[in-house]
$ cat start02.txt   # compact mmCIF, C-alpha atoms
# COMPACT_ATOMS: atom_id res chain seq x y z
CA MET A 13 59.55 -46.24 35.24
CA SER A 14 63.26 -45.82 35.54
CA LEU A 15 66.14 -48.18 35.99
CA SER A 16 68.25 -47.85 39.07
CA VAL A 17 71.57 -49.49 39.82
CA PHE A 18 72.46 -50.87 43.23
CA PRO A 19 75.50 -52.81 44.46
CA LEU A 20 75.37 -56.39 45.63
CA PRO A 21 75.38 -57.09 49.36
CA ALA A 22 78.84 -57.53 50.88
CA PRO A 23 78.72 -61.37 51.23
CA MET A 24 78.08 -61.77 47.49
CA ARG A 25 80.71 -59.29 46.24
CA HIS A 26 83.66 -61.62 46.70
CA CYS A 27 82.02 -64.23 44.46
CA LEU A 28 81.27 -62.03 41.49
CA GLY A 29 83.83 -59.25 41.72
CA ALA A 30 83.47 -55.84 43.34
CA SER A 31 82.54 -54.06 40.11
CA PHE A 32 79.43 -56.17 39.43
CA PHE A 33 76.10 -54.32 39.73
CA LEU A 34 72.54 -55.47 39.31
CA THR A 35 69.72 -53.43 37.78
CA LYS A 36 66.13 -53.44 38.87
CA LEU A 37 62.97 -51.64 37.81
CA ASP A 38 62.02 -48.72 40.06
CA THR A 39 58.25 -48.29 39.85
CA ASN A 40 57.94 -45.41 42.35
CA ARG A 41 55.43 -47.30 44.44
CA PRO A 42 55.89 -49.49 47.46
CA MET A 43 55.91 -53.22 46.92
CA ARG A 44 52.99 -54.87 48.70
CA HIS A 45 51.91 -58.39 49.21
CA THR A 46 48.63 -59.16 47.49
CA LYS A 47 47.08 -60.48 50.70
CA ASN A 48 47.22 -57.00 52.31
CA MET A 49 45.68 -55.20 49.35
CA ILE A 50 42.02 -54.29 49.16
CA THR A 51 40.34 -55.88 46.15
CA THR A 52 36.84 -54.73 45.25
CA LEU A 53 34.74 -57.72 44.24
CA THR A 54 31.45 -56.00 43.41
CA THR A 55 29.72 -52.65 43.81
CA ASN A 56 26.11 -51.59 44.10
CA LYS A 57 25.83 -49.20 41.17
CA ARG A 58 22.28 -48.11 42.00
CA ALA A 59 23.08 -47.05 45.57
CA HIS A 60 24.30 -43.53 44.72
CA PHE A 61 21.45 -43.04 42.28
CA ASP A 62 18.60 -44.22 44.52
CA TYR A 63 19.83 -42.94 47.90
CA THR A 64 21.45 -39.90 49.48
CA LEU A 65 24.26 -41.58 51.39
CA GLY A 66 25.64 -40.48 54.74
CA ASP A 67 27.97 -42.23 57.20
CA GLN A 68 29.73 -45.31 55.85
CA TYR A 69 30.59 -48.44 57.82
CA GLU A 70 32.63 -51.59 57.27
CA ALA A 71 31.41 -54.97 58.45
CA GLY A 72 32.55 -58.55 58.22
CA LEU A 73 30.21 -61.27 56.97
CA VAL A 74 29.41 -64.72 58.33
CA LEU A 75 29.81 -66.95 55.27
CA SER A 76 30.28 -70.62 54.51
CA GLY A 77 33.43 -71.83 52.77
CA GLU A 78 31.79 -72.33 49.39
CA GLU A 79 30.25 -68.83 49.58
CA VAL A 80 33.69 -67.29 50.19
CA LYS A 81 35.13 -69.15 47.19
CA SER A 82 32.20 -68.11 45.03
CA ILE A 83 32.59 -64.45 46.09
CA LYS A 84 36.35 -64.43 45.49
CA THR A 85 35.83 -65.78 41.96
CA GLY A 86 33.53 -62.82 41.28
CA HIS A 87 30.17 -64.58 41.37
CA VAL A 88 28.22 -62.15 43.56
CA SER A 89 25.68 -59.39 43.04
CA LEU A 90 24.47 -56.65 45.41
CA LYS A 91 21.68 -55.57 43.07
CA GLY A 92 18.55 -55.23 45.16
CA ALA A 93 20.38 -56.06 48.40
CA PHE A 94 19.77 -54.24 51.68
CA VAL A 95 20.74 -54.46 55.35
CA THR A 96 18.00 -55.41 57.80
CA VAL A 97 17.70 -55.36 61.59
CA HIS A 98 16.58 -58.50 63.47
CA GLY A 99 16.62 -57.94 67.22
CA GLU A 100 20.12 -56.74 68.14
CA GLU A 101 21.77 -58.01 64.94
CA LEU A 102 22.23 -56.76 61.37
CA PHE A 103 21.83 -58.98 58.30
CA LEU A 104 22.66 -58.57 54.62
CA THR A 105 19.49 -59.58 52.83
CA ASN A 106 18.85 -60.42 49.18
CA ALA A 107 22.52 -60.45 48.09
CA PHE A 108 22.95 -63.03 45.32
CA ILE A 109 25.82 -65.48 45.95
CA PRO A 110 25.48 -68.59 43.78
CA ARG A 111 26.83 -72.03 44.59
CA TYR A 112 30.58 -72.41 44.01
CA LEU A 113 31.14 -74.28 40.76
CA HIS A 114 33.35 -77.01 42.25
CA ALA A 115 31.47 -77.41 45.55
CA TYR A 116 29.79 -80.61 46.68
CA LYS A 117 26.36 -80.57 45.03
CA GLU A 118 24.39 -82.49 47.67
CA THR A 119 24.56 -79.81 50.40
CA PRO A 120 21.63 -77.39 50.46
CA HIS A 121 22.41 -73.87 49.27
CA GLU A 122 20.26 -70.75 49.12
CA ASP A 123 21.56 -68.07 46.77
CA THR A 124 19.83 -65.11 48.48
CA ARG A 125 19.74 -66.14 52.13
CA SER A 126 20.31 -63.54 54.88
CA ARG A 127 23.93 -63.30 56.04
CA LYS A 128 24.87 -61.93 59.45
CA LEU A 129 27.06 -58.80 59.63
CA LEU A 130 29.86 -58.54 62.19
CA LEU A 131 30.09 -55.11 63.87
CA ARG A 132 30.84 -53.72 67.31
CA ARG A 133 27.84 -53.68 69.60
CA SER A 134 28.02 -49.88 70.01
CA GLU A 135 27.93 -49.43 66.21
CA ILE A 136 24.98 -51.80 65.93
CA ARG A 137 23.01 -49.89 68.58
CA SER A 138 23.63 -46.51 66.93
CA LEU A 139 22.62 -47.91 63.53
CA ILE A 140 19.45 -49.45 64.95
CA GLY A 141 18.57 -46.05 66.45
CA LYS A 142 19.08 -44.31 63.11
CA VAL A 143 16.98 -46.86 61.26
CA ARG A 144 14.08 -46.96 63.73
CA VAL A 145 13.89 -43.32 64.87
CA GLN A 146 15.01 -41.33 61.83
CA GLY A 147 13.58 -43.71 59.23
CA LEU A 148 16.87 -44.14 57.35
CA THR A 149 17.96 -47.15 55.32
CA LEU A 150 21.18 -49.19 55.45
CA VAL A 151 22.42 -49.57 51.86
CA PRO A 152 25.27 -51.93 50.82
CA ILE A 153 27.79 -50.11 48.62
CA ARG A 154 30.55 -52.60 47.85
CA LEU A 155 31.93 -55.99 48.73
CA TYR A 156 35.71 -56.38 48.94
CA THR A 157 38.52 -58.39 50.48
CA ARG A 158 40.97 -57.06 53.04
CA LYS A 159 43.71 -59.38 54.30
CA GLN A 160 41.88 -62.35 52.74
CA LEU A 161 38.65 -61.53 54.64
CA VAL A 162 35.43 -60.60 52.86
CA LYS A 163 34.12 -57.21 54.01
CA LEU A 164 30.97 -55.24 53.22
CA GLN A 165 30.91 -51.46 53.03
CA PHE A 166 27.46 -50.03 53.64
CA ALA A 167 26.08 -46.58 54.31
CA VAL A 168 23.20 -44.92 56.09
CA GLY A 169 21.01 -43.53 53.34
CA LYS A 170 17.76 -41.77 52.69
CA GLY A 171 15.74 -42.67 49.61
CA LYS A 172 15.64 -40.07 46.84
CA LYS A 173 12.42 -38.89 45.28
CA ASP A 174 12.01 -38.85 41.50
CA PHE A 175 12.60 -35.10 41.27
CA ASP A 176 15.86 -35.50 43.22
CA LYS A 177 17.01 -38.11 40.71
CA ARG A 178 16.10 -35.82 37.80
CA ALA A 179 18.02 -32.94 39.41
CA ASP A 180 21.09 -35.16 39.82
CA ILE A 181 20.90 -36.26 36.19
CA GLY A 182 20.58 -32.64 35.05
CA LYS A 183 23.58 -31.59 37.14
CA LYS A 184 25.72 -34.43 35.76
CA GLU A 185 24.76 -33.53 32.18
CA SER A 186 25.57 -29.84 32.69
CA ASP A 187 28.93 -30.70 34.29
CA ARG A 188 29.68 -33.00 31.35
CA ARG A 189 28.82 -30.21 28.85
CA ILE A 190 31.06 -27.74 30.72
CA ARG A 191 33.98 -30.20 30.75
CA ARG A 192 33.48 -30.93 27.05
CA ALA A 193 33.37 -27.20 26.20
CA LEU A 194 36.54 -26.54 28.22
CA ARG A 195 38.31 -29.47 26.60
CA ASP A 196 37.27 -28.38 23.07
CA HIS A 197 38.15 -24.74 23.78
CA SER A 198 41.70 -25.40 24.96
$ encode --input "start02.txt" --output "structure tokens"
Amino acid sequence: MSLSVFPLPAPMRHCLGASFFLTKLDTNRPMRHTKNMITTLTTNKRAHFDYTLGDQYEAGLVLSGEEVKSIKTGHVSLKGAFVTVHGEELFLTNAFIPRYLHAYKETPHEDTRSRKLLLRRSEIRSLIGKVRVQGLTLVPIRLYTRKQLVKLQFAVGKGKKDFDKRADIGKKESDRRIRRALRDHS
């Protein structure tokens, strides 16, 4: 970070004198409002290990108010979650969203209920075709906020066999050994 000096705007110069300058921190990155930033709330760590992932999609979720508050406080898990097809609609199934701590306790709440995904109809039809004809699976990857809305990123995936998983582990270990050897050598 570096300090940069900039003059005051013209209307303020007469009050403080023309030689007065302010300093500010220059961080070399654009200033953004936090509501436009993408904040990852949770990821499905097993997705890349259990599936070979292909095309990725973004979908909105139909949630209640207390579910949104619970998600934004970080109380959510995609472990064991999957996307299912019911008729012409897609649902996030088995995602764990507990009751918000400060919510009214008398309303019924299911932690792992199915939640409807919001996508364009053309995207839904192509995904249904891939799931039914090609036998692929829709795997949730991460849950995040964009412009204060909760979004789900999911991918079309094919389940890996055990020998595929072992090959991936072997490749990661060999890459790690190569990086370690290069780091120790230089």
$ residues_around --input "start02.txt" --residues "Gln68 (chain A)" --least-positions-apart "4" --cutoff "9 Å" --atoms "only C-alpha atoms" --output "PyMOL selection string"
chain A and resi 153+165-168
$ residues_around --input "start02.txt" --residues "region 85-90 of chain A" --least-positions-apart "6" --cutoff "7 Å" --atoms "only C-alpha atoms" --output "VMD selection string"
chain A and resid 53 to 56 107 to 110
$ write_last_selection --input "start02.txt" --atoms "C-alpha atoms" --output "PDB file, in the frame of the given file"
ATOM      1  CA  LEU A  53      34.740 -57.720  44.240  1.00  0.00           C
ATOM      2  CA  THR A  54      31.450 -56.000  43.410  1.00  0.00           C
ATOM      3  CA  THR A  55      29.720 -52.650  43.810  1.00  0.00           C
ATOM      4  CA  ASN A  56      26.110 -51.590  44.100  1.00  0.00           C
ATOM      5  CA  ALA A 107      22.520 -60.450  48.090  1.00  0.00           C
ATOM      6  CA  PHE A 108      22.950 -63.030  45.320  1.00  0.00           C
ATOM      7  CA  ILE A 109      25.820 -65.480  45.950  1.00  0.00           C
ATOM      8  CA  PRO A 110      25.480 -68.590  43.780  1.00  0.00           C
TER       9      PRO A 110
END
$ atom_distance --input "start02.txt" --atom1 "CA of Arg191 (chain A)" --atom2 "CA of His60 (chain A)"
21.6 Å
$ closest_residue --input "start02.txt" --among "A:Leu155, A:Leu131, A:Val80, A:Leu150" --to "Thr96 (chain A)" --atoms "all atoms listed in the file"
A:Leu150
$ atom_distance --input "start02.txt" --atom1 "CA of Tyr69 (chain A)" --atom2 "CA of Ile136 (chain A)"
10.4 Å
$ residues_near_point --input "start02.txt" --point "(33.9, -64.4, 51.1)" --cutoff "10 Å" --atoms "all atoms listed in the file" --output "number ranges by chain"
A: 53, 72-86, 88, 109, 155-157, 160-164
$ closest_residue --input "start02.txt" --among "A:Met49, A:Val151, A:Val145, A:Leu65" --to "Leu102 (chain A)" --atoms "all atoms listed in the file"
A:Val151
$ atom_distance --input "start02.txt" --atom1 "CA of Glu70 (chain A)" --atom2 "CA of Ile50 (chain A)"
12.7 Å
$ axis_aligned_box --input "start02.txt" --around "region 122-135 of chain A" --padding-each-side "5 Å" --output "lines of an AutoDock Vina configuration file"
center_x = 25.3
center_y = -60.1
center_z = 58.4
size_x = 21.1
size_y = 31.3
size_z = 33.2
$ closest_atom_pairs --input "start02.txt" --of "region 76-108 of chain A" --to "region 125-129 of chain A" --cutoff "7 Å" --atoms "all atoms listed in the file" --output "tab-separated table"
residue	atom	partner	partner_atom	distance
A:Leu102	CA	A:Leu129	CA	5.5
A:Phe103	CA	A:Lys128	CA	4.4
A:Leu104	CA	A:Arg127	CA	5.1
A:Thr105	CA	A:Ser126	CA	4.5
A:Asn106	CA	A:Arg125	CA	6.5
$ residues_near_point --input "start02.txt" --point "(22.8, -37.1, 45.6)" --cutoff "12 Å" --atoms "only C-alpha atoms" --output "ChimeraX atom specification"
/A:58-66,169-184
